[in-house]
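Trainee: For reference, this is input.cif, and it has mmCIF, N, CA and C atoms.
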```cif
data_query
loop_
_atom_site.label_atom_id
_atom_site.label_comp_id
_atom_site.auth_asym_id
_atom_site.auth_seq_id
_atom_site.Cartn_x
_atom_site.Cartn_y
_atom_site.Cartn_z
N MET C 1049 0.85 -1.17 0.00
CA MET C 1049 0.00 0.00 0.00
C MET C 1049 0.89 1.23 0.00
N ALA C 1050 0.50 2.24 -0.76
CA ALA C 1050 1.28 3.47 -0.85
C ALA C 1050 0.37 4.68 -0.74
N VAL C 1051 0.89 5.72 -0.14
CA VAL C 1051 0.16 6.99 -0.09
C VAL C 1051 0.31 7.66 -1.44
N CYS C 1052 -0.81 8.12 -1.99
CA CYS C 1052 -0.82 8.76 -3.32
C CYS C 1052 -1.66 10.03 -3.27
N GLN C 1053 -1.45 10.87 -4.26
CA GLN C 1053 -2.25 12.08 -4.44
C GLN C 1053 -3.11 11.88 -5.67
N LEU C 1054 -4.43 11.90 -5.48
CA LEU C 1054 -5.37 11.84 -6.60
C LEU C 1054 -5.49 13.27 -7.12
N ILE C 1055 -4.86 13.52 -8.26
CA ILE C 1055 -4.80 14.88 -8.81
C ILE C 1055 -6.11 15.25 -9.50
N ALA C 1056 -6.62 14.33 -10.30
CA ALA C 1056 -7.85 14.61 -11.04
C ALA C 1056 -8.47 13.30 -11.49
N PHE C 1057 -9.76 13.36 -11.80
CA PHE C 1057 -10.41 12.21 -12.42
C PHE C 1057 -11.43 12.73 -13.41
N THR C 1058 -11.64 11.93 -14.45
CA THR C 1058 -12.60 12.27 -15.49
C THR C 1058 -13.56 11.10 -15.65
N ASP C 1059 -14.83 11.39 -15.62
CA ASP C 1059 -15.86 10.37 -15.80
C ASP C 1059 -16.41 10.53 -17.21
N GLY C 1060 -15.94 9.68 -18.12
CA GLY C 1060 -16.40 9.73 -19.50
C GLY C 1060 -17.36 8.61 -19.80
N ALA C 1061 -17.98 8.67 -20.96
CA ALA C 1061 -18.94 7.64 -21.36
C ALA C 1061 -18.28 6.28 -21.53
N ASP C 1062 -17.01 6.26 -21.98
CA ASP C 1062 -16.35 4.99 -22.26
C ASP C 1062 -15.26 4.62 -21.26
N ARG C 1063 -14.90 5.55 -20.35
CA ARG C 1063 -13.87 5.24 -19.36
C ARG C 1063 -13.85 6.25 -18.23
N VAL C 1064 -13.32 5.80 -17.11
CA VAL C 1064 -13.04 6.68 -15.97
C VAL C 1064 -11.53 6.78 -15.91
N LEU C 1065 -11.02 8.00 -15.94
CA LEU C 1065 -9.58 8.24 -15.96
C LEU C 1065 -9.16 8.90 -14.65
N LEU C 1066 -8.15 8.30 -14.00
CA LEU C 1066 -7.60 8.85 -12.77
C LEU C 1066 -6.17 9.30 -13.02
N ASP C 1067 -5.82 10.48 -12.56
CA ASP C 1067 -4.45 10.97 -12.59
C ASP C 1067 -3.94 10.96 -11.16
N ILE C 1068 -2.87 10.19 -10.93
CA ILE C 1068 -2.36 9.94 -9.58
C ILE C 1068 -0.86 10.19 -9.54
N VAL C 1069 -0.38 10.72 -8.41
CA VAL C 1069 1.05 10.85 -8.16
C VAL C 1069 1.36 10.10 -6.86
N PRO C 1070 2.16 9.03 -6.93
CA PRO C 1070 2.55 8.34 -5.70
C PRO C 1070 3.44 9.24 -4.84
N LEU C 1071 3.14 9.33 -3.57
CA LEU C 1071 3.95 10.12 -2.65
C LEU C 1071 5.02 9.26 -1.99
N GLU C 1072 4.97 7.96 -2.28
CA GLU C 1072 5.99 6.99 -1.88
C GLU C 1072 5.96 5.90 -2.94
N PRO C 1073 6.99 5.07 -3.03
CA PRO C 1073 6.99 4.04 -4.09
C PRO C 1073 5.72 3.19 -4.05
N LEU C 1074 5.18 2.92 -5.24
CA LEU C 1074 3.96 2.14 -5.39
C LEU C 1074 4.29 0.88 -6.18
N GLU C 1075 3.99 -0.27 -5.62
CA GLU C 1075 4.26 -1.56 -6.26
C GLU C 1075 3.05 -1.99 -7.09
N ILE C 1076 3.28 -2.21 -8.40
CA ILE C 1076 2.23 -2.70 -9.29
C ILE C 1076 2.76 -3.89 -10.06
N ASP C 1077 2.27 -5.06 -9.73
CA ASP C 1077 2.63 -6.31 -10.42
C ASP C 1077 4.15 -6.49 -10.52
N GLY C 1078 4.82 -6.31 -9.41
CA GLY C 1078 6.26 -6.52 -9.36
C GLY C 1078 7.12 -5.37 -9.84
N THR C 1079 6.49 -4.30 -10.26
CA THR C 1079 7.22 -3.12 -10.72
C THR C 1079 7.00 -1.99 -9.74
N ALA C 1080 8.08 -1.36 -9.33
CA ALA C 1080 7.97 -0.23 -8.40
C ALA C 1080 7.83 1.07 -9.20
N VAL C 1081 6.73 1.76 -8.98
CA VAL C 1081 6.53 3.08 -9.56
C VAL C 1081 7.16 4.06 -8.58
N PRO C 1082 8.16 4.84 -9.02
CA PRO C 1082 8.86 5.73 -8.10
C PRO C 1082 7.97 6.84 -7.54
N ARG C 1083 8.32 7.26 -6.36
CA ARG C 1083 7.65 8.40 -5.72
C ARG C 1083 7.74 9.60 -6.67
N GLY C 1084 6.62 10.29 -6.84
CA GLY C 1084 6.59 11.51 -7.64
C GLY C 1084 6.35 11.32 -9.13
N LEU C 1085 6.35 10.07 -9.60
CA LEU C 1085 6.12 9.82 -11.03
C LEU C 1085 4.62 9.80 -11.31
N PRO C 1086 4.11 10.79 -12.06
CA PRO C 1086 2.67 10.81 -12.34
C PRO C 1086 2.26 9.61 -13.19
N LEU C 1087 1.06 9.10 -12.91
CA LEU C 1087 0.55 8.02 -13.73
C LEU C 1087 -0.95 8.19 -13.89
N SER C 1088 -1.44 7.63 -14.98
CA SER C 1088 -2.87 7.65 -15.26
C SER C 1088 -3.38 6.21 -15.26
N MET C 1089 -4.57 6.04 -14.72
CA MET C 1089 -5.24 4.74 -14.72
C MET C 1089 -6.61 4.95 -15.33
N SER C 1090 -7.02 4.02 -16.18
CA SER C 1090 -8.37 4.14 -16.72
C SER C 1090 -9.12 2.84 -16.52
N PHE C 1091 -10.41 2.98 -16.29
CA PHE C 1091 -11.29 1.85 -16.03
C PHE C 1091 -12.53 2.01 -16.88
N VAL C 1092 -13.07 0.88 -17.32
CA VAL C 1092 -14.35 0.89 -18.02
C VAL C 1092 -15.43 1.14 -16.97
N PRO C 1093 -16.37 2.04 -17.24
CA PRO C 1093 -17.42 2.30 -16.26
C PRO C 1093 -18.23 1.05 -15.93
N SER C 1094 -18.72 0.98 -14.71
CA SER C 1094 -19.55 -0.13 -14.27
C SER C 1094 -20.87 -0.16 -15.05
N ASP C 1095 -21.34 -1.36 -15.31
CA ASP C 1095 -22.65 -1.53 -15.96
C ASP C 1095 -23.79 -1.15 -15.02
N ASP C 1096 -23.49 -1.15 -13.73
CA ASP C 1096 -24.49 -0.81 -12.72
C ASP C 1096 -24.44 0.70 -12.48
N PRO C 1097 -25.47 1.45 -12.90
CA PRO C 1097 -25.43 2.90 -12.78
C PRO C 1097 -25.33 3.39 -11.32
N VAL C 1098 -25.90 2.66 -10.39
CA VAL C 1098 -25.83 3.06 -8.97
C VAL C 1098 -24.39 2.91 -8.47
N GLU C 1099 -23.75 1.76 -8.75
CA GLU C 1099 -22.36 1.56 -8.36
C GLU C 1099 -21.46 2.61 -8.99
N HIS C 1100 -21.69 2.88 -10.27
CA HIS C 1100 -20.87 3.86 -10.97
C HIS C 1100 -21.01 5.25 -10.35
N ARG C 1101 -22.22 5.65 -10.08
CA ARG C 1101 -22.46 6.97 -9.47
C ARG C 1101 -21.78 7.08 -8.11
N GLU C 1102 -21.87 6.01 -7.31
CA GLU C 1102 -21.22 6.00 -5.99
C GLU C 1102 -19.71 6.13 -6.12
N MET C 1103 -19.11 5.43 -7.10
CA MET C 1103 -17.67 5.52 -7.33
C MET C 1103 -17.28 6.95 -7.72
N VAL C 1104 -18.03 7.54 -8.64
CA VAL C 1104 -17.73 8.90 -9.10
C VAL C 1104 -17.85 9.90 -7.95
N LEU C 1105 -18.89 9.76 -7.13
CA LEU C 1105 -19.05 10.66 -5.99
C LEU C 1105 -17.90 10.52 -4.99
N LEU C 1106 -17.43 9.30 -4.80
CA LEU C 1106 -16.32 9.06 -3.89
C LEU C 1106 -15.04 9.70 -4.42
N PHE C 1107 -14.70 9.46 -5.69
CA PHE C 1107 -13.51 10.09 -6.26
C PHE C 1107 -13.62 11.61 -6.23
N ASP C 1108 -14.80 12.13 -6.51
CA ASP C 1108 -15.02 13.58 -6.48
C ASP C 1108 -14.80 14.14 -5.07
N ARG C 1109 -15.33 13.46 -4.08
CA ARG C 1109 -15.17 13.90 -2.69
C ARG C 1109 -13.69 13.85 -2.28
N TRP C 1110 -13.01 12.76 -2.63
CA TRP C 1110 -11.60 12.64 -2.28
C TRP C 1110 -10.76 13.72 -2.95
N THR C 1111 -11.06 14.02 -4.22
CA THR C 1111 -10.33 15.07 -4.93
C THR C 1111 -10.54 16.42 -4.26
N ASP C 1112 -11.76 16.70 -3.83
CA ASP C 1112 -12.06 17.96 -3.14
C ASP C 1112 -11.39 18.06 -1.79
N ARG C 1113 -11.08 16.93 -1.16
CA ARG C 1113 -10.48 16.91 0.18
C ARG C 1113 -8.99 16.59 0.10
N SER C 1114 -8.26 17.27 -0.71
CA SER C 1114 -6.81 17.19 -0.87
C SER C 1114 -6.36 16.04 -1.76
N GLY C 1115 -7.17 15.04 -1.96
CA GLY C 1115 -6.82 13.95 -2.86
C GLY C 1115 -5.84 12.93 -2.31
N VAL C 1116 -5.42 13.06 -1.06
CA VAL C 1116 -4.48 12.11 -0.49
C VAL C 1116 -5.22 10.82 -0.13
N ILE C 1117 -4.77 9.72 -0.73
CA ILE C 1117 -5.40 8.41 -0.54
C ILE C 1117 -4.31 7.36 -0.37
N ASP C 1118 -4.70 6.20 0.13
CA ASP C 1118 -3.83 5.03 0.12
C ASP C 1118 -4.28 4.18 -1.06
N LEU C 1119 -3.29 3.59 -1.76
CA LEU C 1119 -3.60 2.75 -2.91
C LEU C 1119 -2.80 1.45 -2.82
N ASP C 1120 -3.50 0.35 -3.01
CA ASP C 1120 -2.87 -0.96 -3.07
C ASP C 1120 -3.32 -1.60 -4.37
N VAL C 1121 -2.36 -2.15 -5.13
CA VAL C 1121 -2.67 -2.79 -6.41
C VAL C 1121 -2.11 -4.21 -6.35
N ALA C 1122 -2.96 -5.19 -6.68
CA ALA C 1122 -2.51 -6.58 -6.62
C ALA C 1122 -3.06 -7.37 -7.80
N VAL C 1123 -2.28 -8.35 -8.24
CA VAL C 1123 -2.75 -9.30 -9.25
C VAL C 1123 -3.64 -10.31 -8.53
N VAL C 1124 -4.81 -10.57 -9.10
CA VAL C 1124 -5.75 -11.52 -8.50
C VAL C 1124 -6.09 -12.57 -9.55
N GLY C 1125 -5.50 -13.74 -9.40
CA GLY C 1125 -5.67 -14.81 -10.38
C GLY C 1125 -7.10 -15.23 -10.60
N GLU C 1126 -7.88 -15.30 -9.52
CA GLU C 1126 -9.26 -15.80 -9.67
C GLU C 1126 -10.17 -14.88 -10.50
N ILE C 1127 -9.80 -13.62 -10.65
CA ILE C 1127 -10.59 -12.74 -11.51
C ILE C 1127 -9.90 -12.51 -12.85
N GLY C 1128 -8.65 -13.00 -12.97
CA GLY C 1128 -7.91 -12.81 -14.21
C GLY C 1128 -7.54 -11.36 -14.44
N GLY C 1129 -7.17 -10.67 -13.38
CA GLY C 1129 -6.85 -9.26 -13.54
C GLY C 1129 -6.23 -8.66 -12.29
N MET C 1130 -6.53 -7.39 -12.09
CA MET C 1130 -5.94 -6.61 -11.03
C MET C 1130 -7.02 -6.13 -10.06
N ARG C 1131 -6.62 -6.01 -8.81
CA ARG C 1131 -7.50 -5.44 -7.79
C ARG C 1131 -6.87 -4.14 -7.31
N TYR C 1132 -7.63 -3.06 -7.40
CA TYR C 1132 -7.21 -1.73 -6.95
C TYR C 1132 -8.00 -1.41 -5.69
N VAL C 1133 -7.30 -1.14 -4.61
CA VAL C 1133 -7.96 -0.80 -3.35
C VAL C 1133 -7.58 0.64 -3.00
N PHE C 1134 -8.57 1.51 -3.07
CA PHE C 1134 -8.39 2.93 -2.75
C PHE C 1134 -8.98 3.16 -1.36
N THR C 1135 -8.22 3.79 -0.48
CA THR C 1135 -8.68 4.02 0.89
C THR C 1135 -8.38 5.45 1.30
N ARG C 1136 -9.33 6.04 1.98
CA ARG C 1136 -9.13 7.34 2.60
C ARG C 1136 -9.94 7.34 3.89
N ASP C 1137 -9.24 7.55 4.99
CA ASP C 1137 -9.88 7.54 6.31
C ASP C 1137 -10.70 6.26 6.47
N ASP C 1138 -12.01 6.38 6.68
CA ASP C 1138 -12.85 5.20 6.89
C ASP C 1138 -13.62 4.78 5.63
N GLU C 1139 -13.23 5.32 4.46
CA GLU C 1139 -13.89 4.97 3.20
C GLU C 1139 -12.93 4.12 2.35
N GLN C 1140 -13.50 3.16 1.64
CA GLN C 1140 -12.68 2.30 0.80
C GLN C 1140 -13.46 1.93 -0.46
N LEU C 1141 -12.72 1.89 -1.58
CA LEU C 1141 -13.28 1.46 -2.84
C LEU C 1141 -12.39 0.36 -3.39
N VAL C 1142 -12.98 -0.78 -3.73
CA VAL C 1142 -12.25 -1.90 -4.30
C VAL C 1142 -12.75 -2.08 -5.74
N LEU C 1143 -11.81 -2.00 -6.69
CA LEU C 1143 -12.15 -2.20 -8.10
C LEU C 1143 -11.41 -3.43 -8.60
N ASP C 1144 -12.14 -4.42 -9.07
CA ASP C 1144 -11.55 -5.59 -9.70
C ASP C 1144 -11.63 -5.36 -11.21
N VAL C 1145 -10.47 -5.43 -11.86
CA VAL C 1145 -10.38 -5.13 -13.30
C VAL C 1145 -9.79 -6.34 -14.01
N ARG C 1146 -10.54 -6.88 -14.94
CA ARG C 1146 -10.01 -8.00 -15.74
C ARG C 1146 -9.11 -7.44 -16.83
N VAL C 1147 -8.04 -8.18 -17.08
CA VAL C 1147 -7.11 -7.73 -18.12
C VAL C 1147 -7.26 -8.55 -19.37
#
```
Show me this structure written as structure tokens.

Mentor:
Amino acid sequence: MAVCQLIAFTDGADRVLLDIVPLEPLEIDGTAVPRGLPLSMSFVPSDDPVEHREMVLLFDRWTDRSGVIDLDVAVVGEIGGMRYVFTRDDEQLVLDVRV
């Protein structure tokens, strides 16, 4: 898990784009992303409009509140992809993304 700064996010019709800067090294699938290296992550929007709206509201709230979050990224074999765990204070969002 690494502390990161959520700089911005965009909720588009075909993807959700997050711009993040790790404030400490971030491990992603065996590769260390150095502290301070900006990165973008994109996700296909959820088919469930309620889930999607809740995710967007959460990212929006976090961005408005300094954007400092904890992020953990792990390979999850049973889903055939990656699990992104975003945490801030007592709120957490888990996104499972198939690759």

Trainee: Where does DSSP see strand (DSSP E) in range 1076-1134 of chain C, if you list the residues as a PyMOL selection string?

Mentor: chain C and resi 1076+1079-1081+1087-1091+1116-1124+1129-1134

Trainee: Give the padded box for range 1063-1077 of chain C as JSON: axis-aligned, covering all atoms listed in the file, 8 Å on each side, centre and edge lengths in Å to one decimal.

Mentor:
```
{"center_x": -4.0, "center_y": 2.2, "center_z": -11.1, "size_x": 37.9, "size_y": 33.5, "size_z": 34.5}
```

Trainee: Go through C:Ala1061, C:Ala1050, C:Leu1143, C:Val1124 one by one, measure the shortest atom-to-atom distance of each to Glu1099 in chain C using only C-alpha atoms, and give the residue with the smallest value.

Mentor: C:Leu1143

Trainee: On this structure, which residues satisfy the PyMOL selection byres ((chain C and resi 1127-1130) around 7), written as a ChimeraX atom specification?

Mentor: /C:1121-1126,1131-1132,1143-1147

Trainee: Considering only N, CA and C atoms, can you say which of C:Val1092, C:Val1098, C:Leu1119, C:Val1081 comes closest to Arg1063 in chain C?

Mentor: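 Checking each of C:Val1092, C:Val1098, C:Leu1119, C:Val1081 against Arg1063 in chain C, counting only N, CA and C atoms, the winner is C:Val1092.
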
Trainee: What is the distance, in Å and to one decimal place, between CA of Asp1095 in chain C and CA of Phe1107 in chain C?

Mentor: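 The value is 17.7 Å.
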
Trainee: Using the chain letters and numbers from this file, what does the PyMOL selection byres ((chain C and resi 1135-1138) around 6) select? Give the answer as a PyMOL selection string.

Mentor: chain C and resi 1116-1119+1133-1134+1139-1141

Trainee: Could the residues in this selection be saved with N, CA and C atoms as an mmCIF file, keeping the file's coordinate frame?

Mentor:
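And here's selection03.cif as it stands now:
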```cif
data_model
loop_
_atom_site.group_PDB
_atom_site.id
_atom_site.type_symbol
_atom_site.label_atom_id
_atom_site.label_comp_id
_atom_site.auth_asym_id
_atom_site.auth_seq_id
_atom_site.Cartn_x
_atom_site.Cartn_y
_atom_site.Cartn_z
ATOM 1 N N VAL C 1116 -5.420 13.060 -1.060
ATOM 2 C CA VAL C 1116 -4.480 12.110 -0.490
ATOM 3 C C VAL C 1116 -5.220 10.820 -0.130
ATOM 4 N N ILE C 1117 -4.770 9.720 -0.730
ATOM 5 C CA ILE C 1117 -5.400 8.410 -0.540
ATOM 6 C C ILE C 1117 -4.310 7.360 -0.370
ATOM 7 N N ASP C 1118 -4.700 6.200 0.130
ATOM 8 C CA ASP C 1118 -3.830 5.030 0.120
ATOM 9 C C ASP C 1118 -4.280 4.180 -1.060
ATOM 10 N N LEU C 1119 -3.290 3.590 -1.760
ATOM 11 C CA LEU C 1119 -3.600 2.750 -2.910
ATOM 12 C C LEU C 1119 -2.800 1.450 -2.820
ATOM 13 N N VAL C 1133 -7.300 -1.140 -4.610
ATOM 14 C CA VAL C 1133 -7.960 -0.800 -3.350
ATOM 15 C C VAL C 1133 -7.580 0.640 -3.000
ATOM 16 N N PHE C 1134 -8.570 1.510 -3.070
ATOM 17 C CA PHE C 1134 -8.390 2.930 -2.750
ATOM 18 C C PHE C 1134 -8.980 3.160 -1.360
ATOM 19 N N GLU C 1139 -13.230 5.320 4.460
ATOM 20 C CA GLU C 1139 -13.890 4.970 3.200
ATOM 21 C C GLU C 1139 -12.930 4.120 2.350
ATOM 22 N N GLN C 1140 -13.500 3.160 1.640
ATOM 23 C CA GLN C 1140 -12.680 2.300 0.800
ATOM 24 C C GLN C 1140 -13.460 1.930 -0.460
ATOM 25 N N LEU C 1141 -12.720 1.890 -1.580
ATOM 26 C CA LEU C 1141 -13.280 1.460 -2.840
ATOM 27 C C LEU C 1141 -12.390 0.360 -3.390
#
```

Trainee: Calculate how many Å separate atom N of Asp1112 in chain C from atom N of Cys1052 in chain C, rounding to one decimal.

Mentor: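 Distance reported for this atom pair: 14.0 Å.
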
Trainee: I'd like to know which residues of chain C are helix (DSSP H, G or I) (by DSSP, run on the backbone); could you write them as a VMD selection string?

Mentor: chain C and resid 1097 to 1112 1125 to 1127

Trainee: Kindly resolve the PyMOL selection byres ((chain C and resi 1065) around 8) on the present coordinates and return the residues as a list of chain:residue names.

Mentor: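 Selection result, ordered by chain and number: C:Ala1056, C:Phe1057, C:Thr1058, C:Asp1059, C:Gly1060, C:Asp1062, C:Arg1063, C:Val1064, C:Leu1066, C:Asp1067, C:Ile1068, C:Ser1088, C:Met1089, C:Ser1090, C:Phe1091, C:Val1092.
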
Trainee: What is the distance between CA of Leu1054 in chain C and CA of Asp1096 in chain C, in Å to one decimal?

Mentor: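 Between CA of Leu1054 in chain C and CA of Asp1096 in chain C the gap works out to 23.7 Å.
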
Trainee: Which one of C:Met1049, C:Ser1114, C:Val1142, C:Ile1055 sits closest to Ala1080 in chain C if you count only C-alpha atoms?

Mentor: C:Met1049

Trainee: Hey, could you patch up range 1132-1143 of chain C with all heavy atoms and hand it over as a JSON list (two decimals), in the coordinates of the input?

Mentor:
```json
[["chain", "number", "residue", "atom", "x", "y", "z"],
["C", 1132, "TYR", "N", -7.63, -3.06, -7.40],
["C", 1132, "TYR", "CA", -7.21, -1.73, -6.95],
["C", 1132, "TYR", "C", -8.00, -1.41, -5.69],
["C", 1132, "TYR", "O", -9.24, -1.41, -5.72],
["C", 1132, "TYR", "CB", -7.50, -0.68, -8.02],
["C", 1132, "TYR", "CG", -6.74, -0.91, -9.31],
["C", 1132, "TYR", "CD1", -7.22, -1.79, -10.28],
["C", 1132, "TYR", "CD2", -5.52, -0.26, -9.54],
["C", 1132, "TYR", "CE1", -6.52, -2.01, -11.45],
["C", 1132, "TYR", "CE2", -4.83, -0.48, -10.72],
["C", 1132, "TYR", "CZ", -5.33, -1.36, -11.67],
["C", 1132, "TYR", "OH", -4.63, -1.58, -12.84],
["C", 1133, "VAL", "N", -7.30, -1.14, -4.61],
["C", 1133, "VAL", "CA", -7.96, -0.80, -3.35],
["C", 1133, "VAL", "C", -7.58, 0.64, -3.00],
["C", 1133, "VAL", "O", -6.42, 0.93, -2.70],
["C", 1133, "VAL", "CB", -7.55, -1.77, -2.21],
["C", 1133, "VAL", "CG1", -8.27, -1.40, -0.92],
["C", 1133, "VAL", "CG2", -7.84, -3.21, -2.60],
["C", 1134, "PHE", "N", -8.57, 1.51, -3.07],
["C", 1134, "PHE", "CA", -8.39, 2.93, -2.75],
["C", 1134, "PHE", "C", -8.98, 3.16, -1.36],
["C", 1134, "PHE", "O", -10.12, 2.79, -1.12],
["C", 1134, "PHE", "CB", -9.15, 3.81, -3.75],
["C", 1134, "PHE", "CG", -8.72, 3.63, -5.19],
["C", 1134, "PHE", "CD1", -9.33, 2.67, -5.99],
["C", 1134, "PHE", "CD2", -7.73, 4.43, -5.73],
["C", 1134, "PHE", "CE1", -8.95, 2.51, -7.31],
["C", 1134, "PHE", "CE2", -7.35, 4.28, -7.06],
["C", 1134, "PHE", "CZ", -7.96, 3.32, -7.85],
["C", 1135, "THR", "N", -8.22, 3.79, -0.48],
["C", 1135, "THR", "CA", -8.68, 4.02, 0.89],
["C", 1135, "THR", "C", -8.38, 5.45, 1.30],
["C", 1135, "THR", "O", -7.30, 5.98, 1.01],
["C", 1135, "THR", "CB", -7.97, 3.06, 1.87],
["C", 1135, "THR", "OG1", -8.10, 1.73, 1.39],
["C", 1135, "THR", "CG2", -8.56, 3.16, 3.26],
["C", 1136, "ARG", "N", -9.33, 6.04, 1.98],
["C", 1136, "ARG", "CA", -9.13, 7.34, 2.60],
["C", 1136, "ARG", "C", -9.94, 7.34, 3.89],
["C", 1136, "ARG", "O", -11.16, 7.14, 3.87],
["C", 1136, "ARG", "CB", -9.58, 8.48, 1.72],
["C", 1136, "ARG", "CG", -9.37, 9.82, 2.44],
["C", 1136, "ARG", "CD", -9.76, 11.00, 1.60],
["C", 1136, "ARG", "NE", -9.81, 12.16, 2.45],
["C", 1136, "ARG", "CZ", -8.93, 13.15, 2.39],
["C", 1136, "ARG", "NH1", -7.96, 13.12, 1.52],
["C", 1136, "ARG", "NH2", -9.05, 14.17, 3.20],
["C", 1137, "ASP", "N", -9.24, 7.55, 4.99],
["C", 1137, "ASP", "CA", -9.88, 7.54, 6.31],
["C", 1137, "ASP", "C", -10.70, 6.26, 6.47],
["C", 1137, "ASP", "O", -10.17, 5.17, 6.36],
["C", 1137, "ASP", "CB", -10.73, 8.80, 6.53],
["C", 1137, "ASP", "CG", -9.87, 10.07, 6.47],
["C", 1137, "ASP", "OD1", -8.70, 10.02, 6.88],
["C", 1137, "ASP", "OD2", -10.39, 11.10, 6.00],
["C", 1138, "ASP", "N", -12.01, 6.38, 6.68],
["C", 1138, "ASP", "CA", -12.85, 5.20, 6.89],
["C", 1138, "ASP", "C", -13.62, 4.78, 5.63],
["C", 1138, "ASP", "O", -14.54, 3.98, 5.69],
["C", 1138, "ASP", "CB", -13.81, 5.42, 8.05],
["C", 1138, "ASP", "CG", -14.78, 6.56, 7.80],
["C", 1138, "ASP", "OD1", -14.55, 7.36, 6.87],
["C", 1138, "ASP", "OD2", -15.79, 6.66, 8.53],
["C", 1139, "GLU", "N", -13.23, 5.32, 4.46],
["C", 1139, "GLU", "CA", -13.89, 4.97, 3.20],
["C", 1139, "GLU", "C", -12.93, 4.12, 2.35],
["C", 1139, "GLU", "O", -11.73, 4.36, 2.34],
["C", 1139, "GLU", "CB", -14.26, 6.23, 2.42],
["C", 1139, "GLU", "CG", -15.26, 7.10, 3.13],
["C", 1139, "GLU", "CD", -15.56, 8.36, 2.36],
["C", 1139, "GLU", "OE1", -14.61, 9.08, 2.01],
["C", 1139, "GLU", "OE2", -16.75, 8.61, 2.10],
["C", 1140, "GLN", "N", -13.50, 3.16, 1.64],
["C", 1140, "GLN", "CA", -12.68, 2.30, 0.80],
["C", 1140, "GLN", "C", -13.46, 1.93, -0.46],
["C", 1140, "GLN", "O", -14.66, 1.69, -0.42],
["C", 1140, "GLN", "CB", -12.28, 1.04, 1.55],
["C", 1140, "GLN", "CG", -11.29, 0.18, 0.80],
["C", 1140, "GLN", "CD", -10.82, -0.98, 1.65],
["C", 1140, "GLN", "OE1", -11.57, -1.91, 1.89],
["C", 1140, "GLN", "NE2", -9.58, -0.91, 2.09],
["C", 1141, "LEU", "N", -12.72, 1.89, -1.58],
["C", 1141, "LEU", "CA", -13.28, 1.46, -2.84],
["C", 1141, "LEU", "C", -12.39, 0.36, -3.39],
["C", 1141, "LEU", "O", -11.18, 0.53, -3.51],
["C", 1141, "LEU", "CB", -13.33, 2.63, -3.83],
["C", 1141, "LEU", "CG", -13.76, 2.29, -5.25],
["C", 1141, "LEU", "CD1", -15.21, 1.83, -5.29],
["C", 1141, "LEU", "CD2", -13.55, 3.47, -6.19],
["C", 1142, "VAL", "N", -12.98, -0.78, -3.73],
["C", 1142, "VAL", "CA", -12.25, -1.90, -4.30],
["C", 1142, "VAL", "C", -12.75, -2.08, -5.74],
["C", 1142, "VAL", "O", -13.95, -2.28, -5.96],
["C", 1142, "VAL", "CB", -12.47, -3.20, -3.49],
["C", 1142, "VAL", "CG1", -11.74, -4.35, -4.14],
["C", 1142, "VAL", "CG2", -12.02, -3.01, -2.05],
["C", 1143, "LEU", "N", -11.81, -2.00, -6.69],
["C", 1143, "LEU", "CA", -12.15, -2.20, -8.10],
["C", 1143, "LEU", "C", -11.41, -3.43, -8.60],
["C", 1143, "LEU", "O", -10.17, -3.50, -8.54],
["C", 1143, "LEU", "CB", -11.72, -1.00, -8.95],
["C", 1143, "LEU", "CG", -12.44, 0.31, -8.71],
["C", 1143, "LEU", "CD1", -11.85, 1.40, -9.60],
["C", 1143, "LEU", "CD2", -13.92, 0.18, -8.98]]
```
